[in-house]
Structures are given as structure tokens and as C-alpha cells.
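Novice: start.tsv (TSV, C-alpha atoms) pasted underneath:
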```
chain	number	residue	atom	x	y	z
Y	583	MET	CA	0.00	0.00	0.00
Y	584	ARG	CA	1.40	3.39	-1.03
Y	585	ALA	CA	2.28	5.98	1.62
Y	586	ARG	CA	2.27	8.98	-0.72
Y	587	LEU	CA	-0.43	10.11	-3.14
Y	588	ALA	CA	0.59	9.85	-6.79
Y	589	PRO	CA	-0.06	13.10	-8.71
Y	590	ARG	CA	-2.83	11.48	-10.74
Y	591	ASP	CA	-4.58	10.19	-7.61
Y	592	PHE	CA	-4.11	13.53	-5.86
Y	593	ALA	CA	-5.93	15.20	-8.77
Y	594	LEU	CA	-8.63	12.51	-8.67
Y	595	ILE	CA	-9.33	12.91	-4.96
Y	596	LEU	CA	-9.54	16.69	-5.34
Y	597	ALA	CA	-12.01	16.21	-8.19
Y	598	VAL	CA	-14.15	13.86	-6.09
Y	599	VAL	CA	-14.40	16.10	-3.02
Y	600	THR	CA	-14.98	19.13	-5.24
Y	601	LEU	CA	-17.87	17.39	-6.99
Y	602	TRP	CA	-19.28	16.18	-3.67
Y	603	GLY	CA	-19.15	19.73	-2.33
Y	604	PHE	CA	-20.79	21.06	-5.49
Y	605	SER	CA	-23.49	18.38	-5.20
Y	606	PHE	CA	-25.08	20.42	-2.41
Y	607	VAL	CA	-26.22	22.80	-5.17
Y	608	PRO	CA	-28.26	20.18	-7.11
Y	609	ILE	CA	-29.42	18.75	-3.77
Y	610	LYS	CA	-30.80	22.16	-2.77
Y	611	VAL	CA	-32.39	22.63	-6.20
Y	612	GLY	CA	-33.83	19.10	-6.30
Y	613	LEU	CA	-35.27	19.37	-2.78
Y	614	THR	CA	-37.38	22.34	-3.81
Y	615	GLU	CA	-39.58	19.86	-5.72
Y	616	ILE	CA	-38.77	16.33	-4.50
Y	617	PRO	CA	-38.89	15.25	-0.82
Y	618	PRO	CA	-35.50	14.24	0.69
Y	619	PHE	CA	-36.03	10.47	1.02
Y	620	ALA	CA	-37.62	10.27	-2.41
Y	621	LEU	CA	-34.69	12.16	-3.93
Y	622	ALA	CA	-32.22	9.80	-2.22
Y	623	ALA	CA	-34.19	6.78	-3.48
Y	624	LEU	CA	-34.08	8.14	-7.04
Y	625	ARG	CA	-30.36	8.80	-6.68
Y	626	PHE	CA	-29.58	5.14	-5.99
Y	627	LEU	CA	-32.22	3.78	-8.35
Y	628	PHE	CA	-30.64	5.66	-11.26
Y	629	ALA	CA	-27.16	4.63	-10.10
Y	630	ALA	CA	-28.21	0.97	-10.33
Y	631	VAL	CA	-30.63	0.90	-13.28
Y	632	PRO	CA	-29.95	0.31	-16.13
Y	633	LEU	CA	-26.23	-0.29	-15.48
Y	634	VAL	CA	-26.83	-3.54	-13.58
Y	635	PHE	CA	-27.86	-5.04	-16.94
Y	636	PHE	CA	-24.51	-4.13	-18.50
Y	637	VAL	CA	-22.00	-4.28	-15.62
Y	638	ARG	CA	-20.99	-7.68	-14.32
Y	639	PRO	CA	-21.46	-8.27	-10.57
Y	640	PRO	CA	-18.29	-7.52	-8.60
Y	641	ARG	CA	-16.08	-10.48	-7.73
Y	642	ILE	CA	-16.93	-9.87	-4.09
Y	643	PRO	CA	-19.12	-11.96	-1.74
Y	644	LEU	CA	-22.73	-10.80	-1.68
Y	645	ARG	CA	-22.52	-9.92	2.02
Y	646	PHE	CA	-19.98	-7.17	1.24
Y	647	VAL	CA	-22.17	-5.75	-1.52
Y	648	ILE	CA	-25.23	-5.66	0.74
Y	649	ALA	CA	-23.27	-4.29	3.69
Y	650	TYR	CA	-21.81	-1.51	1.55
Y	651	GLY	CA	-25.26	-0.60	0.21
Y	652	ILE	CA	-26.64	-0.48	3.75
Y	653	GLY	CA	-23.72	1.55	5.09
Y	654	ILE	CA	-23.60	4.14	2.30
Y	655	GLY	CA	-27.15	4.18	0.97
Y	656	ILE	CA	-29.37	3.54	3.97
Y	657	CYS	CA	-27.29	4.54	7.01
Y	658	GLN	CA	-25.38	7.45	5.49
Y	659	PHE	CA	-28.10	9.04	3.37
Y	660	GLY	CA	-31.21	7.60	5.01
Y	661	LEU	CA	-30.21	8.67	8.52
Y	662	LEU	CA	-28.76	11.95	7.23
Y	663	PHE	CA	-32.06	12.92	5.60
Y	664	LEU	CA	-34.06	11.66	8.58
Y	665	GLY	CA	-31.91	13.75	10.91
Y	666	MET	CA	-32.48	16.78	8.68
Y	667	LYS	CA	-36.20	16.01	8.66
Y	668	LEU	CA	-36.20	15.93	12.50
Y	669	GLY	CA	-34.54	19.30	12.98
Y	670	MET	CA	-30.89	19.17	11.87
Y	671	PRO	CA	-30.15	22.10	9.49
Y	672	ALA	CA	-28.66	21.19	6.11
Y	673	GLY	CA	-25.57	23.38	6.49
Y	674	LEU	CA	-24.72	22.05	9.93
Y	675	SER	CA	-25.41	18.50	8.73
Y	676	SER	CA	-22.81	18.88	5.96
Y	677	LEU	CA	-20.26	19.68	8.68
Y	678	VAL	CA	-21.26	17.12	11.33
Y	679	ILE	CA	-21.25	14.27	8.80
Y	680	GLN	CA	-17.53	14.90	8.29
Y	681	LEU	CA	-17.06	12.98	11.52
Y	682	GLN	CA	-16.84	10.15	8.98
Y	683	VAL	CA	-13.18	11.09	8.62
Y	684	PHE	CA	-12.41	10.05	12.18
Y	685	PHE	CA	-14.76	7.07	12.11
Y	686	THR	CA	-13.04	5.85	8.93
Y	687	ILE	CA	-9.57	6.26	10.41
Y	688	GLY	CA	-10.56	4.59	13.70
Y	689	LEU	CA	-12.35	1.67	12.04
Y	690	GLY	CA	-9.43	1.26	9.64
Y	691	ILE	CA	-7.01	0.96	12.55
Y	692	VAL	CA	-9.22	-1.53	14.41
Y	693	PHE	CA	-10.41	-3.74	11.53
Y	694	LEU	CA	-7.78	-3.28	8.80
Y	695	GLY	CA	-4.60	-2.85	10.82
Y	696	ASP	CA	-3.93	0.60	9.34
Y	697	ARG	CA	-1.27	2.75	10.98
Y	698	LEU	CA	-1.76	6.35	12.06
Y	699	HIS	CA	1.35	8.47	11.53
Y	700	ARG	CA	2.02	11.72	13.33
Y	701	GLU	CA	1.46	13.88	10.26
Y	702	ASN	CA	-1.92	12.21	9.69
Y	703	ALA	CA	-3.03	12.98	13.25
Y	704	VAL	CA	-1.70	16.55	13.22
Y	705	GLY	CA	-3.12	17.30	9.77
Y	706	ALA	CA	-6.52	15.88	10.66
Y	707	ALA	CA	-6.57	17.90	13.91
Y	708	ILE	CA	-5.78	21.17	12.10
Y	709	ALA	CA	-8.39	20.50	9.42
Y	710	ALA	CA	-10.94	19.49	12.07
Y	711	LEU	CA	-10.34	22.80	13.83
Y	712	GLY	CA	-11.21	24.53	10.58
Y	713	VAL	CA	-14.45	22.56	10.31
Y	714	ILE	CA	-15.25	23.45	13.95
Y	715	LEU	CA	-14.85	27.15	13.10
Y	716	LEU	CA	-17.24	26.70	10.17
Y	717	ALA	CA	-19.71	25.05	12.55
Y	718	ILE	CA	-19.29	27.88	15.09
Y	719	TYR	CA	-20.13	30.38	12.37
Y	720	ARG	CA	-23.30	28.43	11.57
Y	721	ILE	CA	-24.31	28.32	15.24
Y	722	ARG	CA	-23.53	32.00	15.81
Y	723	GLY	CA	-25.72	32.80	12.82
Y	724	GLY	CA	-28.71	31.34	14.62
Y	725	THR	CA	-28.46	27.75	13.41
Y	726	SER	CA	-29.70	25.26	15.98
Y	727	SER	CA	-30.57	21.58	15.94
Y	728	THR	CA	-32.54	18.99	17.83
Y	729	LEU	CA	-30.70	16.35	19.86
Y	730	ILE	CA	-32.28	13.50	17.89
Y	731	GLY	CA	-31.31	15.20	14.61
Y	732	LEU	CA	-27.72	15.61	15.78
Y	733	LEU	CA	-27.52	11.98	16.90
Y	734	LEU	CA	-28.94	10.67	13.63
Y	735	VAL	CA	-26.46	12.67	11.51
Y	736	THR	CA	-23.62	11.45	13.74
Y	737	VAL	CA	-24.71	7.84	13.21
Y	738	SER	CA	-24.96	8.55	9.47
Y	739	ALA	CA	-21.31	9.62	9.58
Y	740	LEU	CA	-20.52	6.29	11.27
Y	741	GLY	CA	-22.40	4.55	8.43
Y	742	TRP	CA	-20.23	6.35	5.87
Y	743	GLY	CA	-17.07	5.37	7.75
Y	744	ALA	CA	-18.23	1.76	7.97
Y	745	GLY	CA	-19.00	1.76	4.24
Y	746	ASN	CA	-15.48	3.03	3.52
Y	747	VAL	CA	-13.91	0.24	5.57
Y	748	ILE	CA	-16.21	-2.41	4.06
Y	749	ALA	CA	-15.18	-1.37	0.54
Y	750	LYS	CA	-11.49	-1.33	1.47
Y	751	ARG	CA	-11.73	-4.75	3.14
Y	752	ALA	CA	-13.64	-6.25	0.21
Y	753	ALA	CA	-11.19	-4.88	-2.35
Y	754	GLY	CA	-8.18	-6.00	-0.38
Y	755	THR	CA	-9.49	-9.54	0.11
Y	756	HIS	CA	-11.10	-10.16	-3.27
Y	757	SER	CA	-10.71	-7.56	-6.03
Y	758	ALA	CA	-10.66	-3.83	-6.69
Y	759	ASP	CA	-13.77	-3.77	-8.91
Y	760	MET	CA	-15.11	-0.68	-7.18
Y	761	PHE	CA	-17.35	0.60	-9.96
Y	762	ALA	CA	-19.25	-2.69	-10.07
Y	763	LEU	CA	-19.50	-2.64	-6.28
Y	764	VAL	CA	-21.12	0.81	-6.33
Y	765	VAL	CA	-23.50	-0.13	-9.17
Y	766	TRP	CA	-24.73	-3.37	-7.62
Y	767	SER	CA	-24.82	-2.10	-4.03
Y	768	SER	CA	-27.06	0.75	-5.27
Y	769	LEU	CA	-29.83	-1.86	-5.64
Y	770	VAL	CA	-30.01	-2.07	-1.84
Y	771	PRO	CA	-31.13	1.46	-0.77
Y	772	PRO	CA	-34.04	2.42	-3.10
Y	773	LEU	CA	-36.82	0.33	-1.52
Y	774	PRO	CA	-35.96	1.15	2.14
Y	775	LEU	CA	-35.59	4.83	1.23
Y	776	ALA	CA	-38.89	4.76	-0.67
Y	777	ALA	CA	-40.54	3.25	2.42
Y	778	LEU	CA	-39.10	6.04	4.57
Y	779	SER	CA	-40.40	8.55	2.06
Y	780	TYR	CA	-43.87	7.05	2.24
Y	781	ALA	CA	-43.79	7.04	6.05
Y	782	PHE	CA	-42.36	10.50	6.66
Y	783	GLU	CA	-43.15	12.51	3.52
Y	784	GLY	CA	-46.90	12.26	3.08
Y	785	GLY	CA	-47.44	8.86	1.53
Y	786	ALA	CA	-48.83	9.22	-1.99
Y	787	ALA	CA	-47.96	12.93	-1.96
Y	788	ALA	CA	-44.27	12.01	-2.22
Y	789	TRP	CA	-44.96	9.89	-5.33
Y	790	HIS	CA	-46.97	12.74	-6.83
Y	791	ALA	CA	-44.07	15.14	-6.22
Y	792	VAL	CA	-41.73	12.78	-8.06
Y	793	VAL	CA	-43.90	12.21	-11.14
Y	794	THR	CA	-44.71	15.92	-11.48
Y	795	ALA	CA	-41.14	17.17	-10.93
Y	796	SER	CA	-39.62	19.44	-13.55
Y	797	PRO	CA	-36.83	18.38	-15.95
Y	798	LEU	CA	-34.42	20.45	-13.82
Y	799	ALA	CA	-35.24	18.41	-10.70
Y	800	TRP	CA	-34.83	15.16	-12.66
Y	801	GLY	CA	-31.52	16.45	-13.96
Y	802	CYS	CA	-30.39	17.06	-10.38
Y	803	ALA	CA	-31.31	13.47	-9.48
Y	804	LEU	CA	-29.35	12.17	-12.47
Y	805	PHE	CA	-26.32	14.28	-11.54
Y	806	LEU	CA	-26.39	12.86	-8.01
Y	807	ALA	CA	-26.68	9.32	-9.39
Y	808	TYR	CA	-24.09	9.35	-12.15
Y	809	VAL	CA	-21.56	11.93	-10.95
Y	810	ALA	CA	-21.78	12.04	-7.14
Y	811	THR	CA	-22.54	8.33	-6.64
Y	812	LEU	CA	-21.07	6.29	-9.51
Y	813	PHE	CA	-18.02	8.40	-10.26
Y	814	GLY	CA	-17.59	9.80	-6.75
Y	815	PHE	CA	-17.98	6.73	-4.58
Y	816	ALA	CA	-16.29	4.35	-7.02
Y	817	SER	CA	-13.25	6.64	-7.21
Y	818	TRP	CA	-13.25	7.18	-3.44
Y	819	ALA	CA	-13.39	3.43	-2.74
Y	820	ARG	CA	-10.60	2.82	-5.26
Y	821	LEU	CA	-8.41	5.39	-3.53
Y	822	LEU	CA	-9.11	3.84	-0.13
Y	823	HIS	CA	-8.00	0.52	-1.60
Y	824	ARG	CA	-4.69	1.97	-2.78
Y	825	TYR	CA	-3.77	4.13	0.21
Y	826	PRO	CA	-4.04	4.12	4.02
Y	827	THR	CA	-7.37	5.40	5.32
Y	828	ALA	CA	-5.57	8.04	7.41
Y	829	LEU	CA	-4.16	9.55	4.20
Y	830	VAL	CA	-7.36	9.56	2.12
Y	831	ALA	CA	-10.18	10.10	4.65
Y	832	PRO	CA	-9.15	13.63	5.81
Y	833	PHE	CA	-9.79	14.93	2.30
Y	834	GLY	CA	-13.47	14.55	3.16
Y	835	LEU	CA	-13.03	17.65	5.32
Y	836	LEU	CA	-12.63	19.57	2.07
Y	837	ILE	CA	-16.25	18.81	1.11
Y	838	PRO	CA	-17.78	21.64	3.21
Y	839	VAL	CA	-15.15	23.99	1.76
Y	840	SER	CA	-16.14	23.00	-1.76
Y	841	GLY	CA	-19.78	23.35	-0.76
Y	842	LEU	CA	-19.18	26.90	0.47
Y	843	ALA	CA	-17.32	27.80	-2.72
Y	844	SER	CA	-20.08	26.31	-4.88
Y	845	GLY	CA	-22.71	28.21	-2.91
Y	846	ALA	CA	-20.79	31.43	-3.48
Y	847	LEU	CA	-20.37	30.77	-7.21
Y	848	PHE	CA	-23.79	29.37	-8.11
Y	849	LEU	CA	-26.19	30.49	-5.38
Y	850	GLY	CA	-24.86	33.97	-4.63
Y	851	GLU	CA	-23.86	33.11	-1.05
Y	852	THR	CA	-21.05	35.06	0.64
Y	853	LEU	CA	-18.15	33.98	2.87
Y	854	ALA	CA	-17.62	35.69	6.24
Y	855	PRO	CA	-14.09	36.23	7.67
Y	856	LEU	CA	-14.54	33.38	10.20
Y	857	GLN	CA	-15.48	31.04	7.35
Y	858	MET	CA	-12.37	32.09	5.42
Y	859	VAL	CA	-10.20	31.25	8.46
Y	860	GLY	CA	-11.92	27.87	8.73
Y	861	VAL	CA	-11.32	27.16	5.04
Y	862	ALA	CA	-7.64	28.13	5.41
Y	863	LEU	CA	-7.21	25.74	8.35
Y	864	VAL	CA	-8.81	22.87	6.44
Y	865	LEU	CA	-6.44	23.43	3.53
Y	866	ALA	CA	-3.43	23.74	5.87
Y	867	GLY	CA	-4.37	20.50	7.62
Y	868	LEU	CA	-4.61	18.65	4.34
Y	869	VAL	CA	-1.19	19.94	3.29
Y	870	VAL	CA	0.29	18.61	6.54
Y	871	ASN	CA	-1.52	15.29	6.07
Y	872	VAL	CA	-0.25	14.79	2.52
Y	873	TYR	CA	3.25	16.26	2.69
Y	874	GLY	CA	4.11	16.13	6.40
Y	875	GLY	CA	5.73	12.72	6.06
Y	876	ALA	CA	7.92	13.62	3.09
Y	877	ASN	CA	11.11	13.10	5.11
Y	878	ARG	CA	9.87	10.01	6.94
Y	879	SER	CA	11.62	6.86	5.81
```
In C-alpha cells, write the structure found in this file.

Specialist:
Amino acid sequence: MRARLAPRDFALILAVVTLWGFSFVPIKVGLTEIPPFALAALRFLFAAVPLVFFVRPPRIPLRFVIAYGIGIGICQFGLLFLGMKLGMPAGLSSLVIQLQVFFTIGLGIVFLGDRLHRENAVGAAIAALGVILLAIYRIRGGTSSTLIGLLLVTVSALGWGAGNVIAKRAAGTHSADMFALVVWSSLVPPLPLAALSYAFEGGAAAWHAVVTASPLAWGCALFLAYVATLFGFASWARLLHRYPTALVAPFGLLIPVSGLASGALFLGETLAPLQMVGVALVLAGLVVNVYGGANRS
């Protein structure tokens, strides 16, 4: 396993977190017409169909495929949207879910035998401080949350971390067919998410919102399926297979930064000085994480 990011992989991981941060724009646009659980169900339905008819199943035991679909599709997104539905603001959720970085690192150490080097710990701490400042800005601006919403988003971050470790374990033991894993595991979430939509989003009203949605809303769902899910998660899982979790996972802390930048560019949102300091700390932490071990033998 490589200890330093190759230039090509460094560019790939930046592209993934940038696209994931930008995906908050189509999420916001799509949610104006489609309820959250219904949008998440469409996201994974389109990620699976029709590609499952053209992509061979991954050479991975079925239990890994199902577990990955549950971790990423149901736990990460299902609990995230449920937490938002029960009082957790979207902006604060995008920050709290980055606890997945530390869950991924911790689970990787426990279950995969990964090692945590000093530069990984220091870099992650600096970047985490930046994310905390971004959260403080949200809270100072009047953002508040319910306890149950906060707990659900925290558990969704654990689901993301577990999904990362499941993919890494499956690839290391069997094969690195990550694209097929994402396609076939996307068959798992749609029905449970659709059931949650029916239960929490007005029953038949949720279905009516889907079938009457505009082409723009459908385009947002397709972007989330093909770009954020298929390209994003397949690339992310492939990178986790190649490198230690402590090297790759902290780049997830760049997602809120990309989200802020996308909001400024496409939604007319502005950045306050405290947010700029938080962004700078996230970037500084990632530099330490990637290059801090350059002289380590």
C-alpha cells in the first residue's frame, strides 16, 4: 500500500471532493420539488438501473455488496435525511457528517490494521479545527438543531465510515472492482428509502411530487446518481484501496469547503471572515496530512 499520493490520484481525490461539495447545489435545487427520502431513493435507483444489466457483478461476496449498500445508501443518506427532517439544518449537517473522517480512520485501525502516523493525526486535527470554526459560524448565525437530529447525523457519519472500511476490506481480500460494487450495491437502498419517504413525507404525496417534478429536478437526481454516486464513490473506494485510510479520509473535510465555494459561485452566497479562516485551516491541515511525512523513511 502506497504511503504517498501519486499526482494522478491527488488530482482525482480533489475532483471527487470538489464534486461532492458542489453536489449540495443540485441537492438544494432538487429538494425544492422532491422530498429528501424520495430524492435519495431516485439517486440510488438511477445509479443501479440500467447499469446492472450491462455491468458484471463484482467479484466480491454478496454480504460485502449488501453491507456496503446499507452503510452508504441507507445509514449514510437515510439517517442523514431523517436527521435533517427531524430538525438538523442542512448546512450544519454537511459539517457534522464529516465525523466520517475520524470514524473511517478509527475503524481502519481496528479492523484493517492501518497505521496512524504523526502527520496524519496533526493534519486531521488542524483540518478538524477549521471545520469546527465553520460550525461555530453556523451556530452564531442562529443555526440550531434537535438532539435526535444531531444523533442521527452522527450515526450517518458512522455509516459512511463503515462503508469506507467495508469497501477497502472487500477490495483487499477479493478484487478492486469498485465501480461494479457501487452499481450493484445501489440496488439495496431504493426500496428502504422509498418506504421512509412514504412514512415520513406524506405517503402518496411524495410519489406525486416525483412524477410531477420538472426536468431540472430530474436532472439534479441524475447528476447525483451518475456523478456524485457512480463516479464519486467508485473513485473514493478505489483510492481507499490503494492508500491508508488516514491519508485519504481527511480529504473529506474539504467537502464543506467545496460546498461553500459552490454556494458562493452558483447560489450567490457570501463567505464571512470566520469562514475564510476555517477554510484556510482545512487546507493547511490537508497539506500537513499529505506532505508532512515527506522526510519520513

Novice: What's the 9 Å shell around range 838-854 of chain Y, counting all atoms listed in the file, without same-chain residues fewer than 4 positions away, as an NGL selection string?

Specialist: :Y and (599-607 or 673 or 676-677 or 680 or 713 or 716 or 719 or 834 or 858-861 or 864-865)

Novice: How many Å separate CA of Val598 in chain Y from CA of Gly814 in chain Y?

Specialist: 5.4 Å

Novice: List the spatial neighbours of Leu821 in chain Y as a short mmCIF file (atom, residue, chain, number, x, y, z; two decimals) with C-alpha atoms, in the coordinates of the input - criterion: any atom at most 8 Å away, only C-alpha atoms, same-chain residues fewer than 3 positions off excluded.

Specialist:
```cif
data_model
loop_
_atom_site.label_atom_id
_atom_site.label_comp_id
_atom_site.auth_asym_id
_atom_site.auth_seq_id
_atom_site.Cartn_x
_atom_site.Cartn_y
_atom_site.Cartn_z
CA ASP Y 591 -4.58 10.19 -7.61
CA ILE Y 595 -9.33 12.91 -4.96
CA SER Y 817 -13.25 6.64 -7.21
CA TRP Y 818 -13.25 7.18 -3.44
CA ARG Y 824 -4.69 1.97 -2.78
CA TYR Y 825 -3.77 4.13 0.21
CA VAL Y 830 -7.36 9.56 2.12
#
```

Novice: At what distance in Å, to one decimal, does CA of Leu856 in chain Y lie from CA of Leu674 in chain Y?

Specialist: 15.2 Å

Novice: Taking 5 positions as the minimum chain separation for residues in the same chain, which residues sit within 12 Å of Pro774 in chain Y when counting all atoms listed in the file? Answer as a list in words.

Specialist: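 The neighbour list is Phe619, Ala620, Ala622, Ala623, Leu624, Phe626, Leu627, Gly651, Ile652, Gly655, Ile656, Cys657, Phe659, Gly660, Leu661, Ser768, Leu769, Ser779, Tyr780 and Ala781 of chain Y.
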
Novice: Between CA of Leu863 in chain Y and CA of Val735 in chain Y, what is the distance, to one decimal in Å?

Specialist: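 CA of Val735 in chain Y lies 23.5 Å from CA of Leu863 in chain Y.
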
Novice: With all atoms listed in the file as the atoms that count, which of Y:Leu711, Y:Leu740, Y:Leu778, Y:Leu662 lies nearest to Gly688 in chain Y?

Specialist: Y:Leu740

Novice: With distances taken over only C-alpha atoms, which of Y:Ser675, Y:Asn746, Y:Thr728, Y:Thr794 is nearest to Leu689 in chain Y?

Specialist: Y:Asn746

Novice: So which one's closest to Leu734 in chain Y, Y:Pro618, Y:Pro826, Y:Pro639, Y:Gly669? Using only C-alpha atoms, please.

Specialist: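 Selected residue with least distance to Leu734 in chain Y: Y:Gly669.
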
Novice: Using all atoms listed in the file, pick whichever of Y:Phe592, Y:Tyr808, Y:Phe685, Y:Phe663 has the shortest atom-to-atom distance to Leu775 in chain Y.

Specialist: Y:Phe663

Novice: Which residue out of Y:Ile609, Y:Ala744, Y:Val870, Y:Ala828 has the minimum interatomic distance to Gly695 in chain Y when only C-alpha atoms are used?

Specialist: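 Smallest separation from Gly695 in chain Y among the options: Y:Ala828.
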
Novice: Output file request: range 734-819 of chain Y, with C-alpha atoms, as a PDB file, in the first residue's frame.

Specialist:
```
ATOM      1  CA  LEU Y 734     -28.938  10.667  13.626  1.00  0.00           C
ATOM      2  CA  VAL Y 735     -26.464  12.667  11.513  1.00  0.00           C
ATOM      3  CA  THR Y 736     -23.622  11.453  13.743  1.00  0.00           C
ATOM      4  CA  VAL Y 737     -24.712   7.841  13.208  1.00  0.00           C
ATOM      5  CA  SER Y 738     -24.959   8.554   9.466  1.00  0.00           C
ATOM      6  CA  ALA Y 739     -21.306   9.617   9.580  1.00  0.00           C
ATOM      7  CA  LEU Y 740     -20.521   6.289  11.270  1.00  0.00           C
ATOM      8  CA  GLY Y 741     -22.398   4.546   8.434  1.00  0.00           C
ATOM      9  CA  TRP Y 742     -20.230   6.353   5.875  1.00  0.00           C
ATOM     10  CA  GLY Y 743     -17.074   5.373   7.748  1.00  0.00           C
ATOM     11  CA  ALA Y 744     -18.230   1.760   7.971  1.00  0.00           C
ATOM     12  CA  GLY Y 745     -18.996   1.757   4.243  1.00  0.00           C
ATOM     13  CA  ASN Y 746     -15.479   3.030   3.520  1.00  0.00           C
ATOM     14  CA  VAL Y 747     -13.908   0.242   5.569  1.00  0.00           C
ATOM     15  CA  ILE Y 748     -16.209  -2.413   4.063  1.00  0.00           C
ATOM     16  CA  ALA Y 749     -15.182  -1.367   0.542  1.00  0.00           C
ATOM     17  CA  LYS Y 750     -11.493  -1.333   1.469  1.00  0.00           C
ATOM     18  CA  ARG Y 751     -11.732  -4.754   3.137  1.00  0.00           C
ATOM     19  CA  ALA Y 752     -13.640  -6.253   0.207  1.00  0.00           C
ATOM     20  CA  ALA Y 753     -11.194  -4.878  -2.351  1.00  0.00           C
ATOM     21  CA  GLY Y 754      -8.177  -6.004  -0.375  1.00  0.00           C
ATOM     22  CA  THR Y 755      -9.493  -9.541   0.108  1.00  0.00           C
ATOM     23  CA  HIS Y 756     -11.101 -10.159  -3.275  1.00  0.00           C
ATOM     24  CA  SER Y 757     -10.707  -7.560  -6.026  1.00  0.00           C
ATOM     25  CA  ALA Y 758     -10.657  -3.827  -6.692  1.00  0.00           C
ATOM     26  CA  ASP Y 759     -13.766  -3.773  -8.913  1.00  0.00           C
ATOM     27  CA  MET Y 760     -15.109  -0.683  -7.176  1.00  0.00           C
ATOM     28  CA  PHE Y 761     -17.347   0.602  -9.963  1.00  0.00           C
ATOM     29  CA  ALA Y 762     -19.250  -2.690 -10.075  1.00  0.00           C
ATOM     30  CA  LEU Y 763     -19.502  -2.641  -6.285  1.00  0.00           C
ATOM     31  CA  VAL Y 764     -21.119   0.810  -6.333  1.00  0.00           C
ATOM     32  CA  VAL Y 765     -23.504  -0.127  -9.166  1.00  0.00           C
ATOM     33  CA  TRP Y 766     -24.730  -3.375  -7.616  1.00  0.00           C
ATOM     34  CA  SER Y 767     -24.823  -2.095  -4.031  1.00  0.00           C
ATOM     35  CA  SER Y 768     -27.058   0.745  -5.273  1.00  0.00           C
ATOM     36  CA  LEU Y 769     -29.827  -1.862  -5.642  1.00  0.00           C
ATOM     37  CA  VAL Y 770     -30.008  -2.073  -1.837  1.00  0.00           C
ATOM     38  CA  PRO Y 771     -31.131   1.461  -0.774  1.00  0.00           C
ATOM     39  CA  PRO Y 772     -34.035   2.425  -3.102  1.00  0.00           C
ATOM     40  CA  LEU Y 773     -36.825   0.328  -1.522  1.00  0.00           C
ATOM     41  CA  PRO Y 774     -35.964   1.153   2.144  1.00  0.00           C
ATOM     42  CA  LEU Y 775     -35.590   4.834   1.230  1.00  0.00           C
ATOM     43  CA  ALA Y 776     -38.889   4.761  -0.670  1.00  0.00           C
ATOM     44  CA  ALA Y 777     -40.542   3.249   2.421  1.00  0.00           C
ATOM     45  CA  LEU Y 778     -39.096   6.041   4.573  1.00  0.00           C
ATOM     46  CA  SER Y 779     -40.397   8.550   2.057  1.00  0.00           C
ATOM     47  CA  TYR Y 780     -43.870   7.046   2.240  1.00  0.00           C
ATOM     48  CA  ALA Y 781     -43.792   7.038   6.053  1.00  0.00           C
ATOM     49  CA  PHE Y 782     -42.358  10.499   6.655  1.00  0.00           C
ATOM     50  CA  GLU Y 783     -43.154  12.507   3.523  1.00  0.00           C
ATOM     51  CA  GLY Y 784     -46.905  12.256   3.079  1.00  0.00           C
ATOM     52  CA  GLY Y 785     -47.440   8.855   1.530  1.00  0.00           C
ATOM     53  CA  ALA Y 786     -48.829   9.220  -1.994  1.00  0.00           C
ATOM     54  CA  ALA Y 787     -47.962  12.926  -1.964  1.00  0.00           C
ATOM     55  CA  ALA Y 788     -44.267  12.012  -2.216  1.00  0.00           C
ATOM     56  CA  TRP Y 789     -44.961   9.892  -5.327  1.00  0.00           C
ATOM     57  CA  HIS Y 790     -46.972  12.742  -6.830  1.00  0.00           C
ATOM     58  CA  ALA Y 791     -44.075  15.142  -6.215  1.00  0.00           C
ATOM     59  CA  VAL Y 792     -41.730  12.782  -8.056  1.00  0.00           C
ATOM     60  CA  VAL Y 793     -43.897  12.209 -11.138  1.00  0.00           C
ATOM     61  CA  THR Y 794     -44.713  15.924 -11.476  1.00  0.00           C
ATOM     62  CA  ALA Y 795     -41.140  17.168 -10.926  1.00  0.00           C
ATOM     63  CA  SER Y 796     -39.617  19.442 -13.547  1.00  0.00           C
ATOM     64  CA  PRO Y 797     -36.832  18.377 -15.949  1.00  0.00           C
ATOM     65  CA  LEU Y 798     -34.424  20.455 -13.816  1.00  0.00           C
ATOM     66  CA  ALA Y 799     -35.243  18.413 -10.699  1.00  0.00           C
ATOM     67  CA  TRP Y 800     -34.833  15.160 -12.655  1.00  0.00           C
ATOM     68  CA  GLY Y 801     -31.525  16.450 -13.962  1.00  0.00           C
ATOM     69  CA  CYS Y 802     -30.394  17.065 -10.383  1.00  0.00           C
ATOM     70  CA  ALA Y 803     -31.309  13.471  -9.476  1.00  0.00           C
ATOM     71  CA  LEU Y 804     -29.352  12.167 -12.473  1.00  0.00           C
ATOM     72  CA  PHE Y 805     -26.316  14.278 -11.538  1.00  0.00           C
ATOM     73  CA  LEU Y 806     -26.395  12.862  -8.011  1.00  0.00           C
ATOM     74  CA  ALA Y 807     -26.678   9.321  -9.393  1.00  0.00           C
ATOM     75  CA  TYR Y 808     -24.086   9.349 -12.145  1.00  0.00           C
ATOM     76  CA  VAL Y 809     -21.558  11.926 -10.954  1.00  0.00           C
ATOM     77  CA  ALA Y 810     -21.776  12.037  -7.143  1.00  0.00           C
ATOM     78  CA  THR Y 811     -22.539   8.327  -6.638  1.00  0.00           C
ATOM     79  CA  LEU Y 812     -21.074   6.293  -9.509  1.00  0.00           C
ATOM     80  CA  PHE Y 813     -18.022   8.403 -10.258  1.00  0.00           C
ATOM     81  CA  GLY Y 814     -17.587   9.801  -6.748  1.00  0.00           C
ATOM     82  CA  PHE Y 815     -17.979   6.732  -4.575  1.00  0.00           C
ATOM     83  CA  ALA Y 816     -16.291   4.354  -7.017  1.00  0.00           C
ATOM     84  CA  SER Y 817     -13.250   6.638  -7.211  1.00  0.00           C
ATOM     85  CA  TRP Y 818     -13.248   7.182  -3.442  1.00  0.00           C
ATOM     86  CA  ALA Y 819     -13.387   3.433  -2.740  1.00  0.00           C
TER      87      ALA Y 819
END
```
